[in-house]
$ cat data_9.pdb   # PDB, C-alpha atoms, pLDDT in the B column
ATOM      1  CA  MET K   1       0.000   0.000   0.000  1.00 39.00           C
ATOM      2  CA  ASP K   2       1.413   3.393  -0.952  1.00 41.00           C
ATOM      3  CA  SER K   3      -0.284   6.114   1.062  1.00 42.00           C
ATOM      4  CA  MET K   4      -3.668   6.596   2.647  1.00 43.00           C
ATOM      5  CA  ASP K   5      -4.927   8.898  -0.102  1.00 55.00           C
ATOM      6  CA  ASP K   6      -4.503   6.442  -2.969  1.00 78.00           C
ATOM      7  CA  SER K   7      -5.812   3.250  -1.393  1.00 85.00           C
ATOM      8  CA  GLU K   8      -9.017   2.589   0.495  1.00 87.00           C
ATOM      9  CA  VAL K   9     -10.601  -0.449   2.106  1.00 92.00           C
ATOM     10  CA  VAL K  10     -14.355  -0.834   1.679  1.00 93.00           C
ATOM     11  CA  MET K  11     -16.282  -3.431   3.675  1.00 95.00           C
ATOM     12  CA  ILE K  12     -18.700  -5.453   1.583  1.00 96.00           C
ATOM     13  CA  PRO K  13     -21.350  -7.928   2.787  1.00 96.00           C
ATOM     14  CA  HIS K  14     -20.443 -11.526   1.986  1.00 95.00           C
ATOM     15  CA  ASP K  15     -23.513 -11.999  -0.209  1.00 96.00           C
ATOM     16  CA  ARG K  16     -22.344  -9.127  -2.468  1.00 97.00           C
ATOM     17  CA  ILE K  17     -18.767 -10.371  -3.051  1.00 96.00           C
ATOM     18  CA  GLY K  18     -19.783 -12.627  -5.949  1.00 96.00           C
ATOM     19  CA  VAL K  19     -21.638  -9.732  -7.571  1.00 97.00           C
ATOM     20  CA  LEU K  20     -18.544  -7.525  -7.314  1.00 97.00           C
ATOM     21  CA  ILE K  21     -16.320 -10.235  -8.778  1.00 96.00           C
ATOM     22  CA  GLY K  22     -18.781 -11.179 -11.514  1.00 96.00           C
ATOM     23  CA  ARG K  23     -18.760 -14.162 -13.806  1.00 95.00           C
ATOM     24  CA  HIS K  24     -15.145 -15.251 -14.357  1.00 96.00           C
ATOM     25  CA  GLY K  25     -14.017 -12.012 -12.679  1.00 95.00           C
ATOM     26  CA  GLU K  26     -15.478  -9.860 -15.451  1.00 97.00           C
ATOM     27  CA  THR K  27     -17.131  -7.215 -13.220  1.00 97.00           C
ATOM     28  CA  LYS K  28     -14.041  -6.653 -11.079  1.00 97.00           C
ATOM     29  CA  GLN K  29     -11.788  -6.541 -14.140  1.00 97.00           C
ATOM     30  CA  GLY K  30     -14.119  -4.092 -15.897  1.00 97.00           C
ATOM     31  CA  ILE K  31     -14.141  -1.736 -12.907  1.00 97.00           C
ATOM     32  CA  GLU K  32     -10.339  -1.928 -12.713  1.00 97.00           C
ATOM     33  CA  LYS K  33      -9.987  -1.190 -16.430  1.00 96.00           C
ATOM     34  CA  PHE K  34     -12.445   1.739 -16.529  1.00 95.00           C
ATOM     35  CA  THR K  35     -11.133   3.334 -13.328  1.00 96.00           C
ATOM     36  CA  GLU K  36      -7.383   2.622 -13.580  1.00 95.00           C
ATOM     37  CA  THR K  37      -7.406   0.874 -10.200  1.00 96.00           C
ATOM     38  CA  GLU K  38      -6.355  -2.409  -8.681  1.00 96.00           C
ATOM     39  CA  ILE K  39      -9.024  -4.137  -6.610  1.00 97.00           C
ATOM     40  CA  THR K  40      -8.093  -6.843  -4.099  1.00 96.00           C
ATOM     41  CA  ILE K  41     -10.923  -8.757  -2.444  1.00 96.00           C
ATOM     42  CA  ASP K  42     -10.585 -10.633   0.840  1.00 95.00           C
ATOM     43  CA  SER K  43     -13.661 -12.864   0.597  1.00 92.00           C
ATOM     44  CA  ARG K  44     -13.323 -14.174   4.147  1.00 93.00           C
ATOM     45  CA  GLU K  45     -13.228 -10.771   5.823  1.00 94.00           C
ATOM     46  CA  GLY K  46     -15.412  -8.935   3.290  1.00 94.00           C
ATOM     47  CA  GLU K  47     -12.688  -6.347   2.695  1.00 96.00           C
ATOM     48  CA  VAL K  48     -12.148  -4.764  -0.696  1.00 97.00           C
ATOM     49  CA  ASP K  49      -8.896  -2.828  -1.106  1.00 97.00           C
ATOM     50  CA  ILE K  50      -9.052  -0.314  -3.948  1.00 97.00           C
ATOM     51  CA  ALA K  51      -5.696   1.107  -5.029  1.00 95.00           C
ATOM     52  CA  ALA K  52      -5.227   3.952  -7.503  1.00 93.00           C
ATOM     53  CA  LYS K  53      -2.952   3.322 -10.478  1.00 92.00           C
ATOM     54  CA  GLY K  54      -3.848   6.453 -12.421  1.00 87.00           C
ATOM     55  CA  ASP K  55      -6.314   9.338 -12.395  1.00 91.00           C
ATOM     56  CA  PRO K  56      -7.472  10.196  -8.812  1.00 91.00           C
ATOM     57  CA  LEU K  57     -10.979  11.089 -10.061  1.00 93.00           C
ATOM     58  CA  LYS K  58     -11.365   7.637 -11.617  1.00 94.00           C
ATOM     59  CA  TYR K  59     -10.105   6.113  -8.360  1.00 95.00           C
ATOM     60  CA  TRP K  60     -12.883   7.843  -6.379  1.00 95.00           C
ATOM     61  CA  LYS K  61     -15.399   6.613  -8.938  1.00 96.00           C
ATOM     62  CA  ALA K  62     -14.141   3.062  -8.320  1.00 97.00           C
ATOM     63  CA  VAL K  63     -14.693   3.521  -4.571  1.00 96.00           C
ATOM     64  CA  LYS K  64     -18.259   4.728  -5.208  1.00 97.00           C
ATOM     65  CA  ILE K  65     -18.965   1.867  -7.630  1.00 98.00           C
ATOM     66  CA  VAL K  66     -17.769  -0.732  -5.097  1.00 97.00           C
ATOM     67  CA  ARG K  67     -19.829   0.925  -2.343  1.00 97.00           C
ATOM     68  CA  ALA K  68     -22.915   0.932  -4.600  1.00 98.00           C
ATOM     69  CA  ILE K  69     -22.515  -2.779  -5.376  1.00 98.00           C
ATOM     70  CA  ALA K  70     -22.016  -3.416  -1.648  1.00 97.00           C
ATOM     71  CA  ARG K  71     -25.364  -1.669  -0.996  1.00 97.00           C
ATOM     72  CA  GLY K  72     -27.293  -3.909  -3.380  1.00 97.00           C
ATOM     73  CA  PHE K  73     -26.981  -2.267  -6.795  1.00 98.00           C
ATOM     74  CA  SER K  74     -26.366  -4.349  -9.900  1.00 97.00           C
ATOM     75  CA  PRO K  75     -23.005  -3.723 -11.566  1.00 97.00           C
ATOM     76  CA  GLU K  76     -24.860  -2.169 -14.526  1.00 97.00           C
ATOM     77  CA  HIS K  77     -26.503   0.446 -12.312  1.00 97.00           C
ATOM     78  CA  ALA K  78     -23.342   1.005 -10.245  1.00 97.00           C
ATOM     79  CA  LEU K  79     -21.292   1.581 -13.423  1.00 97.00           C
ATOM     80  CA  ARG K  80     -23.486   4.609 -14.179  1.00 97.00           C
ATOM     81  CA  LEU K  81     -21.218   6.287 -11.594  1.00 98.00           C
ATOM     82  CA  LEU K  82     -18.475   6.403 -14.249  1.00 96.00           C
ATOM     83  CA  SER K  83     -20.297   9.438 -15.640  1.00 96.00           C
ATOM     84  CA  ASP K  84     -19.455  12.795 -14.061  1.00 95.00           C
ATOM     85  CA  GLU K  85     -23.197  13.600 -14.108  1.00 97.00           C
ATOM     86  CA  ILE K  86     -24.191  10.657 -11.888  1.00 97.00           C
ATOM     87  CA  ILE K  87     -24.104  10.630  -8.076  1.00 97.00           C
ATOM     88  CA  PHE K  88     -24.746   8.074  -5.339  1.00 97.00           C
ATOM     89  CA  GLU K  89     -26.673   8.858  -2.169  1.00 97.00           C
ATOM     90  CA  LEU K  90     -27.344   6.582   0.778  1.00 96.00           C
ATOM     91  CA  LEU K  91     -30.266   7.066   3.171  1.00 96.00           C
ATOM     92  CA  GLU K  92     -30.114   5.351   6.574  1.00 95.00           C
ATOM     93  CA  ILE K  93     -33.445   3.721   7.451  1.00 95.00           C
ATOM     94  CA  GLN K  94     -32.473   3.811  11.144  1.00 94.00           C
ATOM     95  CA  GLU K  95     -32.806   7.603  11.073  1.00 93.00           C
ATOM     96  CA  TYR K  96     -36.567   6.969  10.773  1.00 92.00           C
ATOM     97  CA  THR K  97     -36.881   3.906  13.000  1.00 90.00           C
ATOM     98  CA  GLY K  98     -34.092   3.851  15.547  1.00 88.00           C
ATOM     99  CA  LYS K  99     -32.770   0.350  16.144  1.00 88.00           C
ATOM    100  CA  ASN K 100     -36.230  -1.269  16.174  1.00 91.00           C
ATOM    101  CA  GLN K 101     -35.839  -4.225  13.773  1.00 92.00           C
ATOM    102  CA  SER K 102     -39.549  -4.707  13.042  1.00 93.00           C
ATOM    103  CA  ALA K 103     -39.986  -0.978  12.310  1.00 92.00           C
ATOM    104  CA  MET K 104     -36.975  -1.143   9.974  1.00 93.00           C
ATOM    105  CA  LYS K 105     -38.445  -4.146   8.166  1.00 94.00           C
ATOM    106  CA  SER K 106     -41.763  -2.325   7.834  1.00 94.00           C
ATOM    107  CA  LYS K 107     -40.128   0.838   6.405  1.00 94.00           C
ATOM    108  CA  ARG K 108     -38.058  -1.233   3.947  1.00 95.00           C
ATOM    109  CA  GLY K 109     -41.299  -2.874   2.829  1.00 95.00           C
ATOM    110  CA  ARG K 110     -42.984   0.512   2.328  1.00 95.00           C
ATOM    111  CA  VAL K 111     -40.169   1.698   0.029  1.00 96.00           C
ATOM    112  CA  ILE K 112     -40.143  -1.559  -1.928  1.00 96.00           C
ATOM    113  CA  GLY K 113     -43.928  -1.921  -2.094  1.00 94.00           C
ATOM    114  CA  GLU K 114     -45.874  -5.007  -3.030  1.00 94.00           C
ATOM    115  CA  HIS K 115     -43.801  -7.058  -5.497  1.00 94.00           C
ATOM    116  CA  GLY K 116     -41.417  -4.091  -5.868  1.00 94.00           C
ATOM    117  CA  ALA K 117     -44.125  -1.796  -7.235  1.00 95.00           C
ATOM    118  CA  ALA K 118     -43.328   1.302  -5.117  1.00 96.00           C
ATOM    119  CA  ARG K 119     -39.599   1.182  -5.847  1.00 97.00           C
ATOM    120  CA  GLU K 120     -40.268   0.632  -9.564  1.00 96.00           C
ATOM    121  CA  ARG K 121     -42.713   3.523  -9.706  1.00 95.00           C
ATOM    122  CA  ILE K 122     -40.241   5.906  -8.065  1.00 96.00           C
ATOM    123  CA  GLU K 123     -37.573   4.763 -10.532  1.00 96.00           C
ATOM    124  CA  GLU K 124     -39.925   5.272 -13.501  1.00 94.00           C
ATOM    125  CA  GLU K 125     -41.093   8.697 -12.321  1.00 93.00           C
ATOM    126  CA  THR K 126     -37.609  10.023 -11.478  1.00 94.00           C
ATOM    127  CA  GLY K 127     -35.142   8.166 -13.703  1.00 95.00           C
ATOM    128  CA  ALA K 128     -33.039   7.201 -10.663  1.00 97.00           C
ATOM    129  CA  ASN K 129     -32.051   3.669  -9.652  1.00 98.00           C
ATOM    130  CA  ILE K 130     -32.996   2.587  -6.132  1.00 98.00           C
ATOM    131  CA  SER K 131     -31.681  -0.259  -3.992  1.00 97.00           C
ATOM    132  CA  VAL K 132     -33.157  -1.182  -0.631  1.00 97.00           C
ATOM    133  CA  TYR K 133     -30.555  -3.283   1.155  1.00 96.00           C
ATOM    134  CA  GLY K 134     -30.127  -3.962   4.856  1.00 92.00           C
ATOM    135  CA  LYS K 135     -30.476  -0.728   6.805  1.00 93.00           C
ATOM    136  CA  THR K 136     -30.095   1.571   3.799  1.00 96.00           C
ATOM    137  CA  VAL K 137     -31.796   2.882   0.691  1.00 97.00           C
ATOM    138  CA  GLY K 138     -29.315   3.745  -2.058  1.00 98.00           C
ATOM    139  CA  ILE K 139     -30.115   6.085  -4.936  1.00 98.00           C
ATOM    140  CA  ILE K 140     -28.085   6.500  -8.139  1.00 98.00           C
ATOM    141  CA  GLY K 141     -28.843   9.162 -10.740  1.00 97.00           C
ATOM    142  CA  THR K 142     -28.272  12.744 -11.771  1.00 97.00           C
ATOM    143  CA  GLN K 143     -28.456  15.359  -9.015  1.00 96.00           C
ATOM    144  CA  GLU K 144     -32.048  16.136  -9.993  1.00 95.00           C
ATOM    145  CA  GLU K 145     -33.097  12.459 -10.196  1.00 95.00           C
ATOM    146  CA  VAL K 146     -31.542  11.704  -6.797  1.00 97.00           C
ATOM    147  CA  GLU K 147     -33.267  14.707  -5.213  1.00 95.00           C
ATOM    148  CA  LYS K 148     -36.669  13.681  -6.617  1.00 94.00           C
ATOM    149  CA  ALA K 149     -36.294  10.023  -5.644  1.00 96.00           C
ATOM    150  CA  GLY K 150     -34.872  11.006  -2.246  1.00 96.00           C
ATOM    151  CA  LYS K 151     -37.929  13.135  -1.457  1.00 95.00           C
ATOM    152  CA  ALA K 152     -40.243  10.264  -2.388  1.00 96.00           C
ATOM    153  CA  VAL K 153     -38.274   7.711  -0.344  1.00 96.00           C
ATOM    154  CA  GLN K 154     -38.072  10.082   2.635  1.00 96.00           C
ATOM    155  CA  GLY K 155     -41.826  10.607   2.415  1.00 95.00           C
ATOM    156  CA  LEU K 156     -42.451   6.854   2.563  1.00 96.00           C
ATOM    157  CA  LEU K 157     -39.918   6.367   5.372  1.00 95.00           C
ATOM    158  CA  GLY K 158     -41.545   9.253   7.219  1.00 93.00           C
ATOM    159  CA  GLY K 159     -44.941   7.539   7.118  1.00 92.00           C
ATOM    160  CA  ALA K 160     -46.700   9.293   4.222  1.00 93.00           C
ATOM    161  CA  SER K 161     -49.120   7.135   2.249  1.00 93.00           C
ATOM    162  CA  HIS K 162     -48.025   5.736  -1.088  1.00 93.00           C
ATOM    163  CA  ASP K 163     -50.873   7.611  -2.796  1.00 92.00           C
ATOM    164  CA  SER K 164     -49.834  10.976  -1.349  1.00 91.00           C
ATOM    165  CA  VAL K 165     -46.154  10.425  -2.189  1.00 92.00           C
ATOM    166  CA  PHE K 166     -46.975   9.440  -5.775  1.00 91.00           C
ATOM    167  CA  LEU K 167     -49.454  12.283  -6.178  1.00 89.00           C
ATOM    168  CA  ARG K 168     -46.891  14.785  -4.857  1.00 85.00           C
ATOM    169  CA  MET K 169     -44.234  13.275  -7.128  1.00 82.00           C
ATOM    170  CA  LYS K 170     -46.506  13.548 -10.162  1.00 78.00           C
ATOM    171  CA  ARG K 171     -47.520  17.128  -9.349  1.00 71.00           C
ATOM    172  CA  ARG K 172     -44.000  18.245  -8.598  1.00 64.00           C
ATOM    173  CA  PHE K 173     -42.247  16.457 -11.437  1.00 59.00           C
ATOM    174  CA  GLY K 174     -45.006  15.629 -13.911  1.00 55.00           C
ATOM    175  CA  GLU K 175     -44.351  18.382 -16.455  1.00 51.00           C
ATOM    176  CA  GLU K 176     -40.595  17.769 -16.500  1.00 49.00           C
ATOM    177  CA  ARG K 177     -41.122  14.083 -17.177  1.00 46.00           C
ATOM    178  CA  PHE K 178     -42.905  14.719 -20.470  1.00 41.00           C
ATOM    179  CA  GLU K 179     -40.544  17.389 -21.860  1.00 42.00           C
ATOM    180  CA  LEU K 180     -38.529  14.880 -23.881  1.00 37.00           C
TER     181      LEU K 180
END
$ encode --input "data_9.pdb" --output "structure tokens"
Amino acid sequence: MDSMDDSEVVMIPHDRIGVLIGRHGETKQGIEKFTETEITIDSREGEVDIAAKGDPLKYWKAVKIVRAIARGFSPEHALRLLSDEIIFELLEIQEYTGKNQSAMKSKRGRVIGEHGAARERIEEETGANISVYGKTVGIIGTQEEVEKAGKAVQGLLGGASHDSVFLRMKRRFGEERFEL
């Protein structure tokens, strides 16, 4: 390891290690290639060491991509972070529930919705990608997409009804959605 500013260790849940590695190592190798980094994975400990080999900006993108995969995003969605226009935000469900496990499970369920319908609707309405994993809700998209999706997710976590969140989302963002 060279110095602290060009290498970082990210903890990753064991069930996400295979996703980060990918089939025959393709995901890991792709991230390394696109970001000019070297990624070393300790599968037993769940530690991912990301070392810069080139551009510092690409290195930080690699860190964000690994963190996004660790929080439940598919590699395809996480790789959106290669674009300078795309950001990653993480909301902590515990901020709305405390450490109460059943309340956390309930709030996760509200964001996901029946058969994933609420999460899908927020994604369709905002253009952002959403992952509900463990104690977090991750959002990937442009600044505007993340803000819109974040408001909807925060509304659901805060106890607002699905109907009111979707109605507010449609009112607030409806015209913009059809400008294309």
$ resolve_selection --input "data_9.pdb" --expression "the PyMOL selection byres ((chain K and resi 75) around 10)" --output "ChimeraX atom specification"
/K:19-22,27-28,30-31,65-66,68-70,72-74,76-80
$ closest_residue --input "data_9.pdb" --among "K:Lys53, K:Arg168, K:Lys58, K:His162" --to "K:Ala117" --atoms "all atoms listed in the file"
K:His162
$ atom_distance --input "data_9.pdb" --atom1 "atom CA of K:Asp49" --atom2 "atom CA of K:Val9"
4.3 Å
$ atom_distance --input "data_9.pdb" --atom1 "atom CA of K:Arg110" --atom2 "atom CA of K:Gly159"
8.7 Å
$ residues_around --input "data_9.pdb" --residues "K:Arg44" --least-positions-apart "3" --cutoff "9 Å" --atoms "all atoms listed in the file" --output "count of residues only"
3
$ residues_around --input "data_9.pdb" --residues "K:Thr37" --least-positions-apart "3" --cutoff "10 Å" --atoms "only C-alpha atoms" --output "PyMOL selection string"
chain K and resi 6-7+29+31-34+40+49-56+58-63
$ resolve_selection --input "data_9.pdb" --expression "the PyMOL selection byres ((chain K and resi 149-151) around 12)" --output "PyMOL selection string"
chain K and resi 88-92+111+118-131+137-148+152-158+160+165-166+168-170+172-173
$ atom_distance --input "data_9.pdb" --atom1 "atom CA of K:Val10" --atom2 "atom CA of K:Val48"
5.1 Å
$ closest_residue --input "data_9.pdb" --among "K:Ile87, K:Arg16, K:His115, K:Glu8" --to "K:Glu38" --atoms "all atoms listed in the file"
K:Glu8
